[in-house]
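Containing mmCIF, C-alpha atoms, pLDDT in the B column; chains and numbers go by the auth columns: query-v9.cif.
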```
data_target
#
loop_
_atom_site.group_PDB
_atom_site.id
_atom_site.type_symbol
_atom_site.label_atom_id
_atom_site.label_comp_id
_atom_site.label_asym_id
_atom_site.label_seq_id
_atom_site.Cartn_x
_atom_site.Cartn_y
_atom_site.Cartn_z
_atom_site.B_iso_or_equiv
_atom_site.auth_seq_id
_atom_site.auth_asym_id
ATOM 1 C CA MET A 1 -37.771 50.025 -3.674 53.00 1 A
ATOM 2 C CA SER A 2 -39.222 47.278 -5.764 56.00 2 A
ATOM 3 C CA ARG A 3 -41.178 44.469 -4.247 57.00 3 A
ATOM 4 C CA SER A 4 -38.719 41.710 -5.306 57.00 4 A
ATOM 5 C CA ALA A 5 -35.682 43.496 -3.827 56.00 5 A
ATOM 6 C CA ALA A 6 -37.460 43.907 -0.501 53.00 6 A
ATOM 7 C CA GLY A 7 -38.430 40.219 -0.474 52.00 7 A
ATOM 8 C CA ARG A 8 -34.879 39.113 -1.055 56.00 8 A
ATOM 9 C CA ARG A 9 -33.569 41.359 1.667 55.00 9 A
ATOM 10 C CA THR A 10 -35.949 40.019 4.292 52.00 10 A
ATOM 11 C CA LYS A 11 -35.195 36.389 3.437 54.00 11 A
ATOM 12 C CA ALA A 12 -31.469 36.960 3.756 50.00 12 A
ATOM 13 C CA ALA A 13 -31.900 38.845 7.011 53.00 13 A
ATOM 14 C CA ALA A 14 -34.119 36.120 8.449 54.00 14 A
ATOM 15 C CA VAL A 15 -31.270 33.560 8.664 64.00 15 A
ATOM 16 C CA PRO A 16 -28.026 35.428 9.387 71.00 16 A
ATOM 17 C CA GLY A 17 -24.808 33.347 9.265 77.00 17 A
ATOM 18 C CA ARG A 18 -26.555 30.078 8.454 84.00 18 A
ATOM 19 C CA ARG A 19 -24.642 27.759 6.142 87.00 19 A
ATOM 20 C CA SER A 20 -25.633 24.614 4.376 91.00 20 A
ATOM 21 C CA PRO A 21 -24.378 21.349 5.935 92.00 21 A
ATOM 22 C CA LEU A 22 -23.747 19.787 2.505 92.00 22 A
ATOM 23 C CA PRO A 23 -20.147 21.039 2.059 91.00 23 A
ATOM 24 C CA PHE A 24 -19.247 19.690 5.494 93.00 24 A
ATOM 25 C CA ALA A 25 -20.887 16.342 4.761 94.00 25 A
ATOM 26 C CA ARG A 26 -19.080 16.123 1.410 94.00 26 A
ATOM 27 C CA ALA A 27 -15.731 16.917 3.037 94.00 27 A
ATOM 28 C CA ALA A 28 -16.318 14.353 5.781 95.00 28 A
ATOM 29 C CA LEU A 29 -17.314 11.679 3.270 96.00 29 A
ATOM 30 C CA MET A 30 -14.330 12.349 1.001 96.00 30 A
ATOM 31 C CA GLY A 31 -11.988 12.365 3.999 97.00 31 A
ATOM 32 C CA LEU A 32 -13.417 9.038 5.096 98.00 32 A
ATOM 33 C CA VAL A 33 -12.987 7.554 1.607 97.00 33 A
ATOM 34 C CA ALA A 34 -9.361 8.774 1.415 98.00 34 A
ATOM 35 C CA LEU A 35 -8.627 7.391 4.865 98.00 35 A
ATOM 36 C CA LEU A 36 -10.247 4.078 3.965 98.00 36 A
ATOM 37 C CA LEU A 37 -8.091 3.802 0.825 98.00 37 A
ATOM 38 C CA VAL A 38 -4.858 4.448 2.705 98.00 38 A
ATOM 39 C CA VAL A 39 -5.754 2.100 5.575 98.00 39 A
ATOM 40 C CA ALA A 40 -6.746 -0.656 3.126 98.00 40 A
ATOM 41 C CA GLY A 41 -3.456 -0.223 1.246 98.00 41 A
ATOM 42 C CA ALA A 42 -1.444 -0.372 4.464 98.00 42 A
ATOM 43 C CA TRP A 43 -3.405 -3.439 5.625 98.00 43 A
ATOM 44 C CA ALA A 44 -2.794 -5.224 2.323 97.00 44 A
ATOM 45 C CA SER A 45 0.899 -4.375 2.478 97.00 45 A
ATOM 46 C CA TRP A 46 1.414 -5.361 6.098 97.00 46 A
ATOM 47 C CA GLY A 47 0.914 -9.078 5.399 93.00 47 A
ATOM 48 C CA ASP A 48 4.334 -9.328 3.743 92.00 48 A
ATOM 49 C CA ALA A 49 5.975 -6.132 4.991 95.00 49 A
ATOM 50 C CA GLN A 50 5.897 -7.260 8.624 95.00 50 A
ATOM 51 C CA HIS A 51 8.171 -10.175 7.786 94.00 51 A
ATOM 52 C CA VAL A 52 10.622 -7.882 6.015 93.00 52 A
ATOM 53 C CA LEU A 53 10.628 -5.141 8.657 92.00 53 A
ATOM 54 C CA LEU A 54 10.455 -7.343 11.753 91.00 54 A
ATOM 55 C CA SER A 55 12.698 -10.135 10.530 88.00 55 A
ATOM 56 C CA GLN A 56 14.897 -10.398 13.619 89.00 56 A
ATOM 57 C CA GLY A 57 14.666 -13.883 15.099 87.00 57 A
ATOM 58 C CA ARG A 58 13.305 -15.411 11.912 90.00 58 A
ATOM 59 C CA GLU A 59 15.080 -17.828 9.616 92.00 59 A
ATOM 60 C CA HIS A 60 16.975 -16.001 6.866 94.00 60 A
ATOM 61 C CA GLY A 61 18.560 -17.471 3.805 95.00 61 A
ATOM 62 C CA THR A 62 18.896 -17.484 0.055 95.00 62 A
ATOM 63 C CA LEU A 63 16.440 -18.944 -2.415 94.00 63 A
ATOM 64 C CA VAL A 64 17.628 -20.185 -5.792 93.00 64 A
ATOM 65 C CA VAL A 65 14.464 -20.405 -7.901 93.00 65 A
ATOM 66 C CA THR A 66 14.325 -23.510 -10.073 90.00 66 A
ATOM 67 C CA GLY A 67 10.743 -23.401 -11.313 90.00 67 A
ATOM 68 C CA CYS A 68 7.517 -21.451 -11.184 90.00 68 A
ATOM 69 C CA SER A 69 3.866 -22.415 -11.491 90.00 69 A
ATOM 70 C CA ALA A 70 0.976 -20.016 -12.039 89.00 70 A
ATOM 71 C CA GLU A 71 0.980 -18.787 -8.414 91.00 71 A
ATOM 72 C CA VAL A 72 4.203 -19.799 -6.639 91.00 72 A
ATOM 73 C CA CYS A 73 7.870 -20.374 -7.336 92.00 73 A
ATOM 74 C CA THR A 74 9.947 -23.093 -5.728 93.00 74 A
ATOM 75 C CA GLY A 75 13.616 -23.760 -5.455 92.00 75 A
ATOM 76 C CA ARG A 76 16.482 -24.546 -3.146 93.00 76 A
ATOM 77 C CA PHE A 77 16.482 -22.661 0.180 95.00 77 A
ATOM 78 C CA ASP A 78 19.948 -22.344 1.713 95.00 78 A
ATOM 79 C CA PRO A 79 19.641 -20.979 5.283 94.00 79 A
ATOM 80 C CA GLU A 80 22.155 -18.605 6.827 93.00 80 A
ATOM 81 C CA GLY A 81 24.012 -20.438 9.544 86.00 81 A
ATOM 82 C CA PRO A 82 23.484 -24.053 10.496 87.00 82 A
ATOM 83 C CA GLY A 83 20.614 -25.901 8.970 85.00 83 A
ATOM 84 C CA PRO A 84 19.808 -28.218 6.118 89.00 84 A
ATOM 85 C CA VAL A 85 19.112 -27.091 2.574 92.00 85 A
ATOM 86 C CA ARG A 86 15.379 -27.404 1.923 92.00 86 A
ATOM 87 C CA ARG A 87 13.346 -27.686 -1.249 90.00 87 A
ATOM 88 C CA ASP A 88 9.799 -27.616 0.169 87.00 88 A
ATOM 89 C CA LEU A 89 9.533 -23.822 0.576 91.00 89 A
ATOM 90 C CA THR A 90 7.710 -21.501 -1.832 92.00 90 A
ATOM 91 C CA VAL A 91 7.662 -17.810 -2.637 92.00 91 A
ATOM 92 C CA GLU A 92 4.753 -15.988 -4.253 89.00 92 A
ATOM 93 C CA ARG A 93 5.204 -15.568 -7.982 88.00 93 A
ATOM 94 C CA SER A 94 5.381 -11.918 -8.997 84.00 94 A
ATOM 95 C CA VAL A 95 7.450 -9.542 -11.043 80.00 95 A
ATOM 96 C CA ALA A 96 9.883 -9.555 -8.122 77.00 96 A
ATOM 97 C CA VAL A 97 10.732 -13.249 -8.586 85.00 97 A
ATOM 98 C CA ARG A 98 11.989 -14.799 -11.806 82.00 98 A
ATOM 99 C CA SER A 99 13.042 -18.332 -12.689 83.00 99 A
ATOM 100 C CA ASP A 100 16.746 -19.026 -12.256 85.00 100 A
ATOM 101 C CA GLY A 101 17.098 -16.049 -9.889 89.00 101 A
ATOM 102 C CA THR A 102 18.792 -15.958 -6.502 92.00 102 A
ATOM 103 C CA TYR A 103 17.075 -13.899 -3.787 92.00 103 A
ATOM 104 C CA PRO A 104 17.587 -13.148 -0.104 94.00 104 A
ATOM 105 C CA VAL A 105 14.474 -14.341 1.731 95.00 105 A
ATOM 106 C CA VAL A 106 12.992 -14.821 5.183 95.00 106 A
ATOM 107 C CA VAL A 107 10.719 -17.692 6.228 93.00 107 A
ATOM 108 C CA LYS A 108 7.240 -16.732 7.471 93.00 108 A
ATOM 109 C CA PRO A 109 6.724 -18.227 10.947 91.00 109 A
ATOM 110 C CA ASP A 110 4.828 -21.523 11.091 91.00 110 A
ATOM 111 C CA SER A 111 4.599 -21.876 7.322 91.00 111 A
ATOM 112 C CA ARG A 112 6.479 -23.008 4.244 92.00 112 A
ATOM 113 C CA GLU A 113 6.264 -19.582 2.611 94.00 113 A
ATOM 114 C CA LEU A 114 9.135 -17.226 1.948 94.00 114 A
ATOM 115 C CA VAL A 115 9.178 -13.454 1.589 94.00 115 A
ATOM 116 C CA ARG A 116 11.839 -11.625 -0.361 92.00 116 A
ATOM 117 C CA THR A 117 13.933 -9.288 1.800 92.00 117 A
ATOM 118 C CA GLY A 118 16.325 -6.466 1.087 91.00 118 A
ATOM 119 C CA LEU A 119 15.447 -3.142 -0.501 92.00 119 A
ATOM 120 C CA GLY A 120 13.637 -4.660 -3.475 90.00 120 A
ATOM 121 C CA GLY A 121 11.607 -7.036 -1.335 91.00 121 A
ATOM 122 C CA GLY A 122 10.740 -4.339 1.173 93.00 122 A
ATOM 123 C CA LEU A 123 9.540 -1.930 -1.490 94.00 123 A
ATOM 124 C CA HIS A 124 7.616 -4.700 -3.236 93.00 124 A
ATOM 125 C CA ALA A 125 5.868 -5.543 0.043 94.00 125 A
ATOM 126 C CA TRP A 126 4.653 -1.921 0.342 96.00 126 A
ATOM 127 C CA LEU A 127 3.436 -1.772 -3.285 95.00 127 A
ATOM 128 C CA PRO A 128 -0.311 -1.884 -2.394 97.00 128 A
ATOM 129 C CA LEU A 129 0.196 1.163 -0.162 98.00 129 A
ATOM 130 C CA GLY A 130 1.745 3.059 -3.086 98.00 130 A
ATOM 131 C CA GLY A 131 -1.281 2.375 -5.259 97.00 131 A
ATOM 132 C CA ALA A 132 -3.625 3.340 -2.428 98.00 132 A
ATOM 133 C CA LEU A 133 -1.780 6.635 -1.964 98.00 133 A
ATOM 134 C CA LEU A 134 -2.206 7.428 -5.652 97.00 134 A
ATOM 135 C CA LEU A 135 -5.933 6.698 -5.483 97.00 135 A
ATOM 136 C CA ALA A 136 -6.324 8.662 -2.261 98.00 136 A
ATOM 137 C CA ALA A 137 -4.552 11.619 -3.881 98.00 137 A
ATOM 138 C CA LEU A 138 -7.325 11.817 -6.461 97.00 138 A
ATOM 139 C CA VAL A 139 -9.962 11.846 -3.728 97.00 139 A
ATOM 140 C CA VAL A 140 -8.075 14.419 -1.650 97.00 140 A
ATOM 141 C CA GLY A 141 -7.445 16.707 -4.612 97.00 141 A
ATOM 142 C CA GLY A 142 -10.845 16.428 -6.237 94.00 142 A
ATOM 143 C CA GLY A 143 -13.168 15.759 -3.323 93.00 143 A
ATOM 144 C CA LEU A 144 -11.509 17.671 -0.503 95.00 144 A
ATOM 145 C CA ARG A 145 -9.921 20.324 -2.706 94.00 145 A
ATOM 146 C CA LEU A 146 -6.605 20.134 -0.892 96.00 146 A
ATOM 147 C CA PRO A 147 -4.105 20.223 -3.756 97.00 147 A
ATOM 148 C CA ARG A 148 -0.900 20.349 -1.697 97.00 148 A
ATOM 149 C CA LEU A 149 -1.859 17.308 0.334 97.00 149 A
ATOM 150 C CA ALA A 150 -2.996 15.538 -2.849 98.00 150 A
ATOM 151 C CA TRP A 151 0.311 16.230 -4.613 98.00 151 A
ATOM 152 C CA SER A 152 2.212 15.041 -1.545 98.00 152 A
ATOM 153 C CA ALA A 153 0.272 11.773 -1.378 98.00 153 A
ATOM 154 C CA ALA A 154 0.638 11.259 -5.127 98.00 154 A
ATOM 155 C CA GLY A 155 4.356 11.973 -4.901 98.00 155 A
ATOM 156 C CA LEU A 156 4.859 9.454 -2.097 98.00 156 A
ATOM 157 C CA GLY A 157 2.819 6.816 -3.901 98.00 157 A
ATOM 158 C CA GLY A 158 4.612 7.476 -7.173 97.00 158 A
ATOM 159 C CA LEU A 159 8.039 7.321 -5.518 97.00 159 A
ATOM 160 C CA LEU A 160 7.117 4.000 -3.947 97.00 160 A
ATOM 161 C CA LEU A 161 5.954 2.572 -7.280 96.00 161 A
ATOM 162 C CA VAL A 162 8.961 3.861 -9.230 97.00 162 A
ATOM 163 C CA GLY A 163 11.355 2.758 -6.484 96.00 163 A
ATOM 164 C CA THR A 164 9.863 -0.710 -6.563 94.00 164 A
ATOM 165 C CA PHE A 165 10.145 -0.850 -10.327 94.00 165 A
ATOM 166 C CA LEU A 166 13.796 0.193 -10.267 94.00 166 A
ATOM 167 C CA THR A 167 14.891 -2.129 -7.446 91.00 167 A
ATOM 168 C CA VAL A 168 12.978 -5.251 -8.456 83.00 168 A
#
```
What's the structure tokens form of this structure?
Amino acid sequence: MSRSAAGRRTKAAAVPGRRSPLPFARAALMGLVALLLVVAGAWASWGDAQHVLLSQGREHGTLVVTGCSAEVCTGRFDPEGPGPVRRDLTVERSVAVRSDGTYPVVVKPDSRELVRTGLGGGLHAWLPLGGALLLAALVVGGGLRLPRLAWSAAGLGGLLLVGTFLTV
């Protein structure tokens, strides 16, 4: 037996079953990054989505948009049921709100802000989560090497984005 083959055999036999901690650390870090992306997307979405999902007991109505500035749109708010028509309420300007449009809305509690309701408004509220799912899918597929989970997350995020596009 040659000297180099004997040296290799003794080194391998000296540490049986020992594995490097680097793959585990990489997997933990990538899992943490993916989780952080999804939690951040859900947190960003919840600000408006809570008013759409938990709208019972809040003031509902219809907004007829008459004008938009760089950040908000204003118009005539006609509440469902008894109540005066108001013009001091605003809705955030986005692709979901256009001038001269009529939208079902709900009033955020203790504010003058409106949130669009219905299917289009609900999907639009969850739009940041859809983008976060797409980003997390890249981390899960590339960093964690879990392709099925990555395709599932990408599919959910993509469905949310496409659904929003089609309903808004």
Evaluate the PyMOL selection byres ((chain A and resi 92-103) around 6) against this structure - the residues, as a CSV table (one decimal) with C-alpha atoms, in the frame of the given file, please.
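Saved file expr_1.csv follows:
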```
chain,number,residue,atom,x,y,z
A,62,THR,CA,18.9,-17.5,0.1
A,63,LEU,CA,16.4,-18.9,-2.4
A,64,VAL,CA,17.6,-20.2,-5.8
A,65,VAL,CA,14.5,-20.4,-7.9
A,66,THR,CA,14.3,-23.5,-10.1
A,67,GLY,CA,10.7,-23.4,-11.3
A,71,GLU,CA,1.0,-18.8,-8.4
A,72,VAL,CA,4.2,-19.8,-6.6
A,73,CYS,CA,7.9,-20.4,-7.3
A,91,VAL,CA,7.7,-17.8,-2.6
A,104,PRO,CA,17.6,-13.1,-0.1
A,168,VAL,CA,13.0,-5.3,-8.5
```
(request) List the residues selected by the PyMOL selection byres ((chain A and resi 30-46) around 8) in the file shown, writing them as a list in words. (result)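 So the PyMOL selection byres ((chain A and resi 30-46) around 8) ends up selecting Arg26, Ala27, Ala28, Leu29, Gly47, Asp48, Ala49, Gln50, Ala125, Trp126, Leu127, Pro128, Leu129, Gly130, Gly131, Ala132, Leu133, Leu135, Ala136, Ala137, Val139, Val140, Gly143 and Leu144 of chain A.
Nearest-residue note for Leu53 of chain A: choosing from A:Gly121, A:Pro21, A:Gly158, A:Gly163, the minimum distance belongs to A:Gly121, counting all atoms listed in the file.
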Applying 8 Å and only C-alpha atoms, which residues near Val107 of chain A remain after dropping the ones on its own chain fewer than 4 positions away? List them as a compact mmCIF listing (two decimals) with C-alpha atoms, keeping the file's coordinate frame.
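Ended up saving to out.txt:
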```txt
# COMPACT_ATOMS: atom_id res chain seq x y z
CA ARG A 58 13.30 -15.41 11.91
CA GLU A 59 15.08 -17.83 9.62
CA HIS A 60 16.98 -16.00 6.87
CA SER A 111 4.60 -21.88 7.32
CA ARG A 112 6.48 -23.01 4.24
CA GLU A 113 6.26 -19.58 2.61
CA LEU A 114 9.14 -17.23 1.95
CA VAL A 115 9.18 -13.45 1.59
```
(message) Between atom CA of Gly155 of chain A and atom CA of Gly118 of chain A, what is the distance in Å, rounded to a tenth?
(response)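 Value for the atom CA of Gly155 of chain A-atom CA of Gly118 of chain A distance: 22.8 Å.
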(request) Can you work out the spacing between atom CA of Leu138 of chain A and atom CA of Leu160 of chain A in Å, to one decimal? (result) 16.6 Å
(request) Determine, counting only C-alpha atoms, which protein, DNA and RNA residues have an atom within 12 Å of an atom of Pro84 of chain A; residues of the same chain fewer than 5 positions away are not included. Present the result as a list in words. (result)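 Counting only C-alpha atoms, the residues come to Glu59, Gly61, Arg76, Phe77, Asp78 and Pro79 of chain A.
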What are the centre and the three edge lengths of an axis-aligned box that wraps all atoms of segment 164-168 of chain A in the file, given that 4 Å is added to every side, written as AutoDock Vina command-line options and rounded to one decimal in Å?
```
--center_x 12.4 --center_y -2.5 --center_z -8.4 --size_x 13.0 --size_y 13.4 --size_z 11.8
```
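Closest approach to Lys108 of chain A from the set A:Leu134, A:Leu159, A:Leu146, A:Leu89 is made by A:Leu89, with distances taken over all atoms listed in the file.
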(request) Enter the distance from atom CA of Val105 of chain A to atom CA of Leu119 of chain A, in Å, rounded to one decimal. (result) 11.5 Å
Missing atoms of segment 51-64 of chain A rebuilt to N, CA and C atoms, written as a compact mmCIF listing (two decimals), keeping the file's coordinate frame:
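File written: result_4.txt
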```txt
# COMPACT_ATOMS: atom_id res chain seq x y z
N HIS A 51 7.10 -9.18 7.77
CA HIS A 51 8.17 -10.18 7.79
C HIS A 51 9.49 -9.59 7.30
N VAL A 52 9.41 -8.55 6.48
CA VAL A 52 10.62 -7.88 6.02
C VAL A 52 11.13 -6.92 7.08
N LEU A 53 10.23 -6.14 7.67
CA LEU A 53 10.63 -5.14 8.66
C LEU A 53 10.99 -5.75 10.00
N LEU A 54 10.25 -6.73 10.44
CA LEU A 54 10.46 -7.34 11.75
C LEU A 54 11.06 -8.73 11.59
N SER A 55 12.14 -8.83 10.88
CA SER A 55 12.70 -10.14 10.53
C SER A 55 13.68 -10.67 11.56
N GLN A 56 13.96 -9.92 12.62
CA GLN A 56 14.90 -10.40 13.62
C GLN A 56 14.32 -11.63 14.32
N GLY A 57 15.11 -12.66 14.45
CA GLY A 57 14.67 -13.88 15.10
C GLY A 57 14.01 -14.87 14.15
N ARG A 58 13.89 -14.51 12.90
CA ARG A 58 13.30 -15.41 11.91
C ARG A 58 14.42 -16.03 11.09
N GLU A 59 14.09 -17.11 10.41
CA GLU A 59 15.08 -17.83 9.62
C GLU A 59 15.32 -17.10 8.29
N HIS A 60 16.56 -16.69 8.09
CA HIS A 60 16.98 -16.00 6.87
C HIS A 60 17.75 -16.96 5.98
N GLY A 61 17.78 -16.66 4.71
CA GLY A 61 18.56 -17.47 3.80
C GLY A 61 18.48 -16.96 2.39
N THR A 62 18.88 -17.81 1.48
CA THR A 62 18.90 -17.48 0.06
C THR A 62 18.08 -18.52 -0.69
N LEU A 63 17.25 -18.05 -1.59
CA LEU A 63 16.44 -18.94 -2.42
C LEU A 63 16.97 -18.90 -3.85
N VAL A 64 17.27 -20.06 -4.38
CA VAL A 64 17.63 -20.18 -5.79
C VAL A 64 16.40 -20.78 -6.48
```
